[in-house]
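Heads up, work.cif below (mmCIF, C-alpha atoms):
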```cif
data_work
#
loop_
_atom_site.label_atom_id
_atom_site.label_comp_id
_atom_site.auth_asym_id
_atom_site.auth_seq_id
_atom_site.Cartn_x
_atom_site.Cartn_y
_atom_site.Cartn_z
CA MET A 255 -5.44 30.98 -9.29
CA ARG A 256 -8.65 29.51 -10.68
CA ALA A 257 -6.75 27.78 -13.50
CA ALA A 258 -4.23 26.43 -10.99
CA SER A 259 -7.10 25.07 -8.90
CA ARG A 260 -8.64 23.33 -11.93
CA LEU A 261 -5.29 21.73 -12.80
CA GLU A 262 -4.86 20.64 -9.19
CA LYS A 263 -8.27 18.96 -9.12
CA ARG A 264 -7.73 17.33 -12.52
CA ASN A 265 -4.39 15.88 -11.49
CA VAL A 266 -5.76 14.55 -8.21
CA ALA A 267 -8.73 12.99 -10.06
CA ILE A 268 -6.34 11.23 -12.47
CA LEU A 269 -4.30 9.91 -9.55
CA VAL A 270 -7.43 8.71 -7.71
CA ALA A 271 -8.67 6.82 -10.79
CA SER A 272 -5.22 5.35 -11.45
CA GLN A 273 -4.95 4.29 -7.82
CA THR A 274 -8.28 2.47 -8.14
CA LEU A 275 -7.19 0.57 -11.24
CA TYR A 276 -3.82 -0.45 -9.81
CA MET A 277 -5.42 -1.52 -6.53
CA VAL A 278 -7.69 -3.94 -8.42
CA ALA A 279 -4.50 -5.71 -9.53
CA THR A 280 -3.04 -5.77 -6.02
CA ILE A 281 -6.24 -6.99 -4.35
CA THR A 282 -6.70 -9.68 -7.01
CA VAL A 283 -3.20 -10.98 -6.33
CA MET A 284 -3.67 -10.88 -2.55
CA THR A 285 -7.04 -12.67 -2.82
CA LEU A 286 -6.34 -15.20 -5.55
CA SER A 287 -2.63 -15.77 -6.15
CA GLY A 288 -2.12 -17.79 -2.97
CA VAL A 289 -5.03 -20.06 -3.90
CA VAL A 290 -3.72 -20.44 -7.48
CA GLY A 291 -0.22 -21.02 -6.13
CA TYR A 292 -1.53 -23.80 -3.88
CA ARG A 293 -3.09 -25.45 -6.94
CA LEU A 294 0.00 -25.11 -9.13
CA THR A 295 2.60 -26.36 -6.65
CA PRO A 296 2.64 -29.64 -4.67
CA ALA A 297 4.53 -27.94 -1.79
CA ALA A 298 1.95 -26.32 0.49
CA GLY A 299 4.58 -24.11 2.09
CA LEU A 300 5.18 -22.42 -1.30
CA ALA A 301 1.53 -21.53 -1.82
CA THR A 302 2.01 -17.89 -0.84
CA LEU A 303 5.24 -17.51 -2.84
CA PRO A 304 3.44 -15.84 -5.81
CA VAL A 305 2.05 -13.20 -3.42
CA ALA A 306 5.52 -12.77 -1.95
CA MET A 307 6.91 -12.41 -5.47
CA MET A 308 4.58 -9.46 -6.05
CA MET A 309 6.00 -7.84 -2.91
CA ILE A 310 9.55 -8.67 -4.00
CA GLY A 311 8.81 -7.10 -7.39
CA THR A 312 7.59 -4.00 -5.58
CA LEU A 313 10.73 -4.03 -3.46
CA LEU A 314 13.02 -4.33 -6.49
CA ALA A 315 11.20 -1.56 -8.38
CA THR A 316 10.72 0.92 -5.55
CA LEU A 317 14.05 2.75 -5.40
CA PRO A 318 14.80 2.56 -9.16
CA ALA A 319 11.27 3.86 -9.85
CA SER A 320 11.81 6.85 -7.56
CA LEU A 321 15.19 7.71 -9.08
CA TYR A 322 13.87 7.14 -12.61
CA MET A 323 10.94 9.50 -12.01
CA LYS A 324 13.28 12.10 -10.54
CA ARG A 325 15.06 12.08 -13.92
CA VAL A 326 12.15 11.75 -16.38
CA GLY A 327 9.18 12.99 -14.33
CA ARG A 328 6.15 11.40 -12.69
CA ARG A 329 4.01 10.95 -15.82
CA ARG A 330 6.58 9.03 -17.87
CA GLY A 331 7.49 6.90 -14.86
CA PHE A 332 3.89 5.98 -14.13
CA LEU A 333 3.31 5.07 -17.79
CA THR A 334 6.36 2.80 -17.73
CA GLY A 335 5.18 1.04 -14.58
CA ALA A 336 1.68 0.44 -15.93
CA ALA A 337 2.99 -0.94 -19.24
CA LEU A 338 5.83 -3.20 -18.08
CA GLY A 339 4.26 -4.19 -14.78
CA GLY A 340 0.48 -4.10 -15.18
CA VAL A 341 -0.08 -5.07 -18.81
CA LEU A 342 2.84 -7.47 -19.21
CA GLY A 343 2.49 -8.92 -15.70
CA GLY A 344 -1.20 -9.71 -16.15
CA LEU A 345 -0.54 -11.42 -19.50
CA VAL A 346 2.37 -13.49 -18.15
CA ALA A 347 0.31 -14.62 -15.13
CA PHE A 348 -2.54 -15.65 -17.43
CA ALA A 349 -0.16 -17.61 -19.68
CA ALA A 350 1.33 -19.34 -16.63
CA ILE A 351 -2.09 -20.52 -15.45
CA ALA A 352 -2.90 -21.75 -18.94
CA LEU A 353 0.37 -23.71 -19.01
CA GLU A 354 0.04 -24.74 -15.33
CA HIS A 355 3.56 -23.47 -14.73
CA PHE A 356 4.16 -22.39 -11.12
CA TRP A 357 7.43 -20.52 -11.64
CA LEU A 358 6.12 -18.61 -14.67
CA PHE A 359 3.14 -17.63 -12.50
CA CYS A 360 5.61 -16.34 -9.91
CA LEU A 361 7.27 -14.27 -12.66
CA GLY A 362 3.92 -12.75 -13.63
CA ASN A 363 3.29 -11.77 -10.03
CA LEU A 364 6.84 -10.35 -9.81
CA LEU A 365 6.05 -8.08 -12.78
CA LEU A 366 2.78 -7.03 -11.16
CA GLY A 367 4.86 -6.06 -8.15
CA GLY A 368 6.82 -3.75 -10.44
CA TYR A 369 3.51 -2.10 -11.34
CA GLN A 370 2.87 -1.56 -7.65
CA GLY A 371 6.43 -0.26 -7.13
CA PHE A 372 5.71 2.64 -9.50
CA ALA A 373 2.08 3.13 -8.47
CA MET A 374 2.96 3.49 -4.78
CA TYR A 375 4.22 6.96 -5.74
CA TYR A 376 0.74 8.13 -6.71
CA ARG A 377 0.33 9.30 -3.10
CA PHE A 378 3.55 11.32 -3.26
CA ALA A 379 2.59 12.71 -6.68
CA ALA A 380 -0.52 14.05 -4.92
CA VAL A 381 1.85 16.11 -2.77
CA ASP A 382 3.64 17.40 -5.87
CA VAL A 383 0.46 18.67 -7.55
CA THR A 384 -1.28 20.30 -4.56
CA ARG A 385 -0.87 23.28 -2.26
CA PRO A 386 0.72 22.63 1.18
CA ALA A 387 -2.58 23.14 3.03
CA PHE A 388 -4.27 20.44 0.93
CA ARG A 389 -1.50 17.85 0.86
CA SER A 390 -2.55 15.51 3.70
CA ARG A 391 -6.10 15.47 2.30
CA ALA A 392 -4.77 14.87 -1.22
CA ILE A 393 -2.84 11.81 0.00
CA SER A 394 -6.03 10.60 1.68
CA LEU A 395 -8.12 11.13 -1.45
CA VAL A 396 -5.68 9.20 -3.63
CA LEU A 397 -5.65 6.30 -1.20
CA ALA A 398 -9.46 6.53 -1.05
CA GLY A 399 -9.44 5.25 -4.63
CA GLY A 400 -9.08 1.88 -2.96
CA VAL A 401 -12.72 2.09 -1.80
CA VAL A 402 -13.96 1.32 -5.32
CA ALA A 403 -11.19 -1.27 -5.67
CA ALA A 404 -12.48 -2.89 -2.48
CA PHE A 405 -15.43 -4.10 -4.52
CA LEU A 406 -13.79 -4.51 -7.91
CA GLY A 407 -10.75 -6.47 -6.68
CA PRO A 408 -12.50 -9.36 -4.89
CA TRP A 409 -15.22 -9.39 -7.56
CA ASN A 410 -12.53 -9.67 -10.20
CA ALA A 411 -10.96 -12.57 -8.27
CA SER A 412 -14.23 -14.49 -7.89
CA LEU A 413 -16.52 -13.53 -10.80
CA THR A 414 -14.17 -13.49 -13.80
CA ASN A 415 -12.29 -16.69 -13.01
CA ASP A 416 -14.58 -18.71 -15.31
CA TRP A 417 -14.34 -16.36 -18.28
CA ILE A 418 -12.22 -18.88 -20.14
CA ALA A 419 -13.29 -22.41 -19.29
CA ALA A 420 -9.97 -23.92 -20.38
CA VAL A 421 -8.03 -21.56 -18.07
CA PRO A 422 -9.74 -21.53 -14.65
CA ASP A 423 -8.73 -18.49 -12.57
CA GLY A 424 -7.08 -16.95 -15.64
CA GLY A 425 -9.75 -14.34 -16.36
CA PRO A 426 -8.88 -12.06 -13.41
CA TYR A 427 -5.32 -11.66 -14.69
CA LEU A 428 -6.50 -10.74 -18.19
CA MET A 429 -8.69 -8.12 -16.53
CA ILE A 430 -5.64 -6.76 -14.70
CA ALA A 431 -3.84 -6.28 -18.05
CA GLY A 432 -6.87 -4.51 -19.54
CA LEU A 433 -7.30 -2.16 -16.59
CA ALA A 434 -3.59 -1.28 -16.70
CA LEU A 435 -4.10 -0.17 -20.30
CA VAL A 436 -6.95 2.08 -19.15
CA ALA A 437 -4.66 3.49 -16.44
CA MET A 438 -2.08 4.34 -19.11
CA LEU A 439 -4.67 6.36 -21.02
CA LEU A 440 -5.54 8.31 -17.88
CA LEU A 441 -1.95 8.90 -16.79
CA GLY A 442 -1.12 10.33 -20.19
CA GLY A 443 -3.10 13.40 -19.08
CA LEU A 444 -1.21 13.91 -15.80
CA ARG A 445 0.55 17.27 -15.55
CA VAL A 446 2.96 17.79 -12.67
CA PRO A 447 3.68 21.53 -12.20
CA ALA A 448 7.30 22.69 -12.34
CA SER A 449 7.24 23.31 -8.59
CA GLY A 450 6.56 19.62 -8.11
CA GLU A 451 9.83 18.61 -9.76
CA PRO A 452 13.16 19.30 -8.01
CA GLY A 453 15.34 21.93 -9.64
CA PRO A 454 18.82 20.99 -10.90
CA ASN A 455 20.62 23.39 -8.52
CA GLU A 456 18.79 22.50 -5.31
CA ILE A 457 21.03 21.26 -2.49
CA ALA A 458 20.19 17.88 -0.94
CA ARG A 459 21.39 16.74 2.46
CA PRO A 460 23.09 13.36 2.91
CA MET A 461 20.67 10.52 3.60
CA ALA A 462 22.39 9.87 6.94
CA GLU A 463 21.46 13.37 8.10
CA ILE A 464 17.86 13.02 6.95
CA GLY A 465 17.57 9.54 8.47
CA ALA A 466 18.84 10.78 11.83
CA GLN A 467 15.66 12.82 12.33
CA ALA A 468 13.31 11.36 14.92
CA ARG A 469 10.35 12.08 12.66
CA PHE A 470 11.90 10.11 9.80
CA LYS A 471 12.55 7.10 12.05
CA VAL A 472 9.01 7.00 13.41
CA ALA A 473 7.43 7.61 9.98
CA LEU A 474 9.37 4.67 8.59
CA ILE A 475 8.81 2.32 11.55
CA ALA A 476 5.07 3.03 11.71
CA ALA A 477 4.37 2.68 7.98
CA ALA A 478 6.67 -0.32 7.46
CA THR A 479 5.45 -2.30 10.48
CA GLY A 480 1.79 -1.56 9.81
CA TYR A 481 2.13 -2.57 6.16
CA ALA A 482 4.10 -5.74 6.96
CA ILE A 483 1.53 -6.90 9.54
CA MET A 484 -1.35 -6.12 7.19
CA GLY A 485 0.31 -7.91 4.27
CA LEU A 486 1.20 -11.00 6.27
CA VAL A 487 -2.26 -11.46 7.80
CA MET A 488 -4.05 -10.53 4.57
CA THR A 489 -2.02 -13.12 2.63
CA ALA A 490 -2.77 -15.82 5.20
CA THR A 491 -6.51 -15.10 5.35
CA PRO A 492 -7.69 -16.73 2.05
CA LEU A 493 -5.58 -19.84 2.74
CA SER A 494 -6.87 -20.12 6.31
CA MET A 495 -10.49 -19.62 5.28
CA ARG A 496 -10.28 -22.12 2.43
CA ALA A 497 -8.66 -24.69 4.74
CA LEU A 498 -11.57 -24.21 7.15
CA GLY A 499 -14.08 -24.93 4.38
CA PHE A 500 -15.24 -21.42 3.50
CA GLU A 501 -16.30 -20.85 -0.11
CA MET A 502 -14.48 -18.45 -2.43
CA GLY A 503 -17.45 -16.09 -2.31
CA GLN A 504 -17.13 -15.87 1.48
CA VAL A 505 -13.40 -15.22 1.14
CA ALA A 506 -14.17 -12.43 -1.35
CA PHE A 507 -16.72 -10.96 1.07
CA VAL A 508 -14.17 -10.81 3.91
CA MET A 509 -11.52 -9.35 1.61
CA GLN A 510 -13.95 -6.70 0.36
CA TRP A 511 -14.59 -5.48 3.89
CA HIS A 512 -10.89 -5.64 4.67
CA VAL A 513 -10.06 -3.40 1.71
CA LEU A 514 -12.94 -1.09 2.62
CA GLY A 515 -11.36 -0.83 6.07
CA MET A 516 -8.05 -0.01 4.38
CA PHE A 517 -9.33 2.81 2.21
CA ALA A 518 -12.75 4.10 3.33
CA PRO A 519 -11.20 5.98 6.30
CA SER A 520 -9.04 7.85 3.78
CA PHE A 521 -11.93 10.26 3.23
CA PHE A 522 -11.39 11.65 6.72
CA THR A 523 -7.94 10.46 7.88
CA GLY A 524 -6.29 13.60 6.50
CA GLY A 525 -8.82 15.75 8.36
CA LEU A 526 -8.22 13.83 11.58
CA ILE A 527 -4.47 14.36 11.20
CA ALA A 528 -5.03 18.08 10.67
CA ARG A 529 -7.22 18.28 13.77
CA PHE A 530 -5.57 15.94 16.26
CA GLY A 531 -2.01 15.68 14.95
CA VAL A 532 -0.16 12.87 13.25
CA ILE A 533 1.23 11.37 16.49
CA CYS A 534 -2.28 10.83 17.88
CA ILE A 535 -3.46 9.15 14.68
CA LEU A 536 -0.43 6.83 14.64
CA LEU A 537 -1.13 5.76 18.22
CA VAL A 538 -4.81 5.13 17.48
CA GLY A 539 -3.79 3.08 14.43
CA THR A 540 -1.57 0.80 16.51
CA LEU A 541 -4.36 0.24 19.06
CA ILE A 542 -6.75 -0.71 16.25
CA LEU A 543 -4.20 -3.21 14.90
CA ALA A 544 -3.88 -4.74 18.37
CA ALA A 545 -7.67 -5.06 18.61
CA SER A 546 -7.69 -6.77 15.20
CA SER A 547 -5.09 -9.35 16.30
CA LEU A 548 -6.97 -10.16 19.51
CA LEU A 549 -10.29 -10.46 17.70
CA ALA A 550 -8.81 -12.75 15.04
CA ALA A 551 -7.37 -14.95 17.77
CA SER A 552 -10.77 -15.24 19.47
CA GLY A 553 -12.28 -17.63 16.90
CA THR A 554 -12.52 -18.79 13.29
CA GLY A 555 -16.13 -18.01 12.46
CA LEU A 556 -17.08 -15.85 9.49
CA ALA A 557 -17.97 -12.97 11.83
CA GLN A 558 -14.53 -13.03 13.46
CA PHE A 559 -12.75 -13.07 10.09
CA TRP A 560 -14.94 -10.22 8.85
CA ALA A 561 -14.51 -7.94 11.87
CA ALA A 562 -10.80 -8.68 12.42
CA LEU A 563 -9.88 -8.07 8.78
CA MET A 564 -11.90 -4.86 8.64
CA LEU A 565 -10.11 -3.53 11.75
CA LEU A 566 -6.79 -4.66 10.26
CA GLY A 567 -7.50 -2.43 7.27
CA VAL A 568 -8.44 0.60 9.38
CA GLY A 569 -5.30 0.26 11.51
CA TRP A 570 -3.17 0.03 8.37
CA ASN A 571 -4.84 3.15 6.97
CA PHE A 572 -4.01 5.26 10.02
CA LEU A 573 -0.41 4.06 10.15
CA PHE A 574 0.26 4.33 6.42
CA ILE A 575 -1.30 7.75 5.84
CA GLY A 576 0.09 9.00 9.13
CA GLY A 577 3.55 7.70 8.26
CA SER A 578 3.40 9.17 4.73
CA THR A 579 2.32 12.56 6.11
CA LEU A 580 5.07 12.52 8.72
CA LEU A 581 7.65 11.53 6.11
CA ALA A 582 6.69 14.49 3.89
CA SER A 583 7.76 16.83 6.73
CA THR A 584 11.30 15.42 6.84
CA HIS A 585 12.65 16.38 3.40
CA VAL A 586 12.67 19.09 0.76
CA GLU A 587 11.93 18.55 -2.94
CA ALA A 588 15.58 18.04 -3.89
CA GLU A 589 15.71 15.12 -1.45
CA ARG A 590 12.38 13.65 -2.50
CA GLY A 591 13.60 10.90 -4.83
CA LYS A 592 16.02 9.20 -2.47
CA VAL A 593 13.97 9.71 0.73
CA GLN A 594 10.72 8.38 -0.71
CA GLY A 595 12.58 5.60 -2.52
CA ILE A 596 14.42 4.40 0.60
CA ASN A 597 11.24 4.70 2.66
CA ASP A 598 9.29 2.44 0.30
CA LEU A 599 12.31 0.15 -0.15
CA VAL A 600 12.34 -0.59 3.59
CA ILE A 601 8.55 -0.90 3.74
CA PHE A 602 8.38 -3.48 0.98
CA SER A 603 11.40 -5.36 2.25
CA LEU A 604 9.35 -6.10 5.37
CA VAL A 605 6.14 -6.68 3.41
CA ALA A 606 7.89 -9.13 1.07
CA ALA A 607 9.39 -10.99 4.02
CA GLY A 608 5.99 -11.14 5.73
CA SER A 609 4.24 -12.45 2.63
CA LEU A 610 7.00 -15.00 2.04
CA LEU A 611 6.74 -16.27 5.63
CA SER A 612 2.95 -16.15 5.75
CA GLY A 613 2.28 -19.68 4.47
CA ASN A 614 4.87 -21.31 6.73
CA LEU A 615 3.82 -19.29 9.79
CA LEU A 616 0.21 -20.27 9.20
CA GLN A 617 1.22 -23.94 9.05
CA GLN A 618 3.43 -23.77 12.14
CA LEU A 619 1.49 -21.39 14.40
CA GLY A 620 -2.05 -21.73 13.11
CA TRP A 621 -4.40 -18.79 12.57
CA THR A 622 -4.63 -17.93 16.28
CA GLY A 623 -0.88 -18.10 16.94
CA LEU A 624 -0.06 -16.08 13.83
CA ASN A 625 -2.30 -13.22 14.94
CA LEU A 626 -1.05 -13.21 18.52
CA ALA A 627 2.53 -13.03 17.22
CA MET A 628 1.66 -9.67 15.61
CA LEU A 629 1.25 -8.03 19.03
CA GLY A 630 5.04 -7.82 19.54
CA PRO A 631 5.75 -5.52 16.55
CA ILE A 632 2.67 -3.46 17.40
CA VAL A 633 4.08 -2.72 20.88
CA VAL A 634 7.35 -1.58 19.26
CA VAL A 635 5.48 0.96 17.09
CA ILE A 636 3.56 2.25 20.12
CA ALA A 637 6.82 2.74 22.03
CA PHE A 638 8.58 4.67 19.24
CA THR A 639 5.54 6.83 18.49
CA ALA A 640 5.02 7.70 22.15
CA TRP A 641 8.73 8.55 22.40
CA LEU A 642 8.43 10.99 19.49
CA GLY A 643 5.31 12.56 20.96
CA LEU A 644 6.94 13.12 24.36
CA ASN A 645 10.12 14.44 22.72
CA GLU A 646 8.22 17.00 20.61
CA ALA A 647 6.09 18.00 23.59
CA ARG A 648 9.27 18.86 25.51
CA VAL A 649 10.84 20.75 22.61
CA ARG A 650 7.77 22.86 21.78
CA PRO A 651 7.71 24.99 24.99
CA ALA A 652 11.41 25.75 24.55
CA GLN A 653 10.82 26.88 20.97
CA LEU A 654 7.91 29.12 22.03
CA SER A 655 10.04 30.61 24.79
CA GLY A 656 12.82 31.38 22.31
CA GLU A 657 10.33 33.05 19.93
CA ARG A 658 9.05 35.32 22.74
CA ARG A 659 12.59 36.55 23.40
#
```
Before anything else, please render the file you have as structure tokens.
Amino acid sequence: MRAASRLEKRNVAILVASQTLYMVATITVMTLSGVVGYRLTPAAGLATLPVAMMMIGTLLATLPASLYMKRVGRRRGFLTGAALGGVLGGLVAFAAIALEHFWLFCLGNLLLGGYQGFAMYYRFAAVDVTRPAFRSRAISLVLAGGVVAAFLGPWNASLTNDWIAAVPDGGPYLMIAGLALVAMLLLGGLRVPASGEPGPNEIARPMAEIGAQARFKVALIAAATGYAIMGLVMTATPLSMRALGFEMGQVAFVMQWHVLGMFAPSFFTGGLIARFGVICILLVGTLILAASSLLAASGTGLAQFWAALMLLGVGWNFLFIGGSTLLASTHVEAERGKVQGINDLVIFSLVAAGSLLSGNLLQQLGWTGLNLAMLGPIVVVIAFTAWLGLNEARVRPAQLSGERR
């Protein structure tokens, strides 16, 4: 038991560190790629296309990554994602900036999205390598790796951009490639126990049957909507702030606090879910997102950007961890590959669409209108989550009555 516990802790530590390194890449892209895109293309409406390409890359890699890892295992899959997505993507993005080639820069960001498509499964790998009682906390701890990335990502975007004078803004992408190499060294030591890999003779239900579960629907709606809103507003923030005259250092400051809001709560979100239940946490997350939208719409001072983006991160955290925890209760290990793959496929379809539309929506609606428009999807999540809560509250007494008989 003691040896199993040591292996469990070692695996979770590897996943936390790998999550931190991959998140530096993601935060760098979200902070800097829109600004670089604006410089490389004369069409202002295409400025956020590189960010959207990262999300599209994630979308394209998500389901194949899940199915690939089901066949070859988590470790080999994660190594593939870090090599082809992180290392190669960072180098291609750097070369594109050096050549001032917008579409090559989009390709680099697309590859970085592939890195994210594989790395998004770090949170599910935490489920594979831990005991059932520790799983919600393990997911939280892995996502908490983003706390360190909250500082490293924006710093990478603002402090390393002058590393190579002839290639302004190229340094951060070289750093991404280097950190992906470090992640590969760490992931080489990951050991997923046999119980974490589905057996060849396990029976899997059809996806239609799994998807018909109320819990699956709410898990997907909550995580996908929360992520799409967060991605859209986060992508628009650097462009909006730069257009209003804020310096890159101020943009980095706001993004740091936003990412802290995304991941710092992860230290206790799992505990809150264990104490109050996942439905309650999902509802609180939607209310925090609504508060973020209203605060962002109240003004365009640095304080409003700071507070609104921090709340945006906290709301995302509750919805994403809550949705991931709820999803884990809807399938068995034999169904893991397709369920997790389809879940993340839908999530990043919406995130990619949001990032792609972000620049145009910001131009058409302005910062205030864009944030107010987010209230509609938030109300939808509240309605579905409340419906699930009421439905399970009605079913529970009947189940207890049946057990007494």
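Minimum atom-to-atom distance to Leu440 of chain A, evaluated using all atoms listed in the file, belongs to A:Leu333 out of A:Ala607, A:Ala561, A:Leu333, A:Ala550.
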Counting all atoms listed in the file, which residues in segment 261-296 of chain A sit no more than 9 Å from segment 363-378 of chain A? For each one, give the nearest pair of atoms and the distance in Å, sorted by chain then residue number, as CSV.
```
residue,atom,partner,partner_atom,distance
A:Leu269,CA,A:Tyr376,CA,6.1
A:Val270,CA,A:Tyr376,CA,8.3
A:Ser272,CA,A:Tyr376,CA,8.1
A:Gln273,CA,A:Tyr376,CA,7.0
A:Tyr276,CA,A:Ala373,CA,7.0
A:Met277,CA,A:Gln370,CA,8.4
A:Ala279,CA,A:Leu366,CA,7.6
A:Thr280,CA,A:Gln370,CA,7.4
A:Val283,CA,A:Asn363,CA,7.5
A:Ser287,CA,A:Asn363,CA,8.1
```
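If only C-alpha atoms are the atoms counted, then among A:Ala647, A:Val487, A:Val600, A:Leu626 the closest residue to Leu314 of chain A is A:Val600.
Nearest residue to Leu300 of chain A, choosing from A:Leu406, A:Leu644, A:Cys360, A:Leu541 and counting all atoms listed in the file: A:Cys360.
Using only C-alpha atoms, the contacts of Gly503 of chain A at a cut-off of 9 Å, with sequence neighbours closer than 4 positions omitted, comprise A:Pro408, A:Trp409, A:Ser412, A:Leu413, A:Phe507, A:Val508.
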Could you state which residues are captured by the PyMOL selection byres ((chain A and resi 497) around 12) in this file, as a PyMOL selection string?
chain A and resi 289+292+298+490-496+498-502+505+554+616-617+620-621
Taking all atoms listed in the file into account, which of A:Leu275, A:Leu313, A:Val446, A:Val421 comes nearest Val290 of chain A?
A:Val421
Could you check which of A:Val472, A:Ala398, A:Gly465, A:Arg529 is closest to Met516 of chain A, using only C-alpha atoms?
A:Ala398
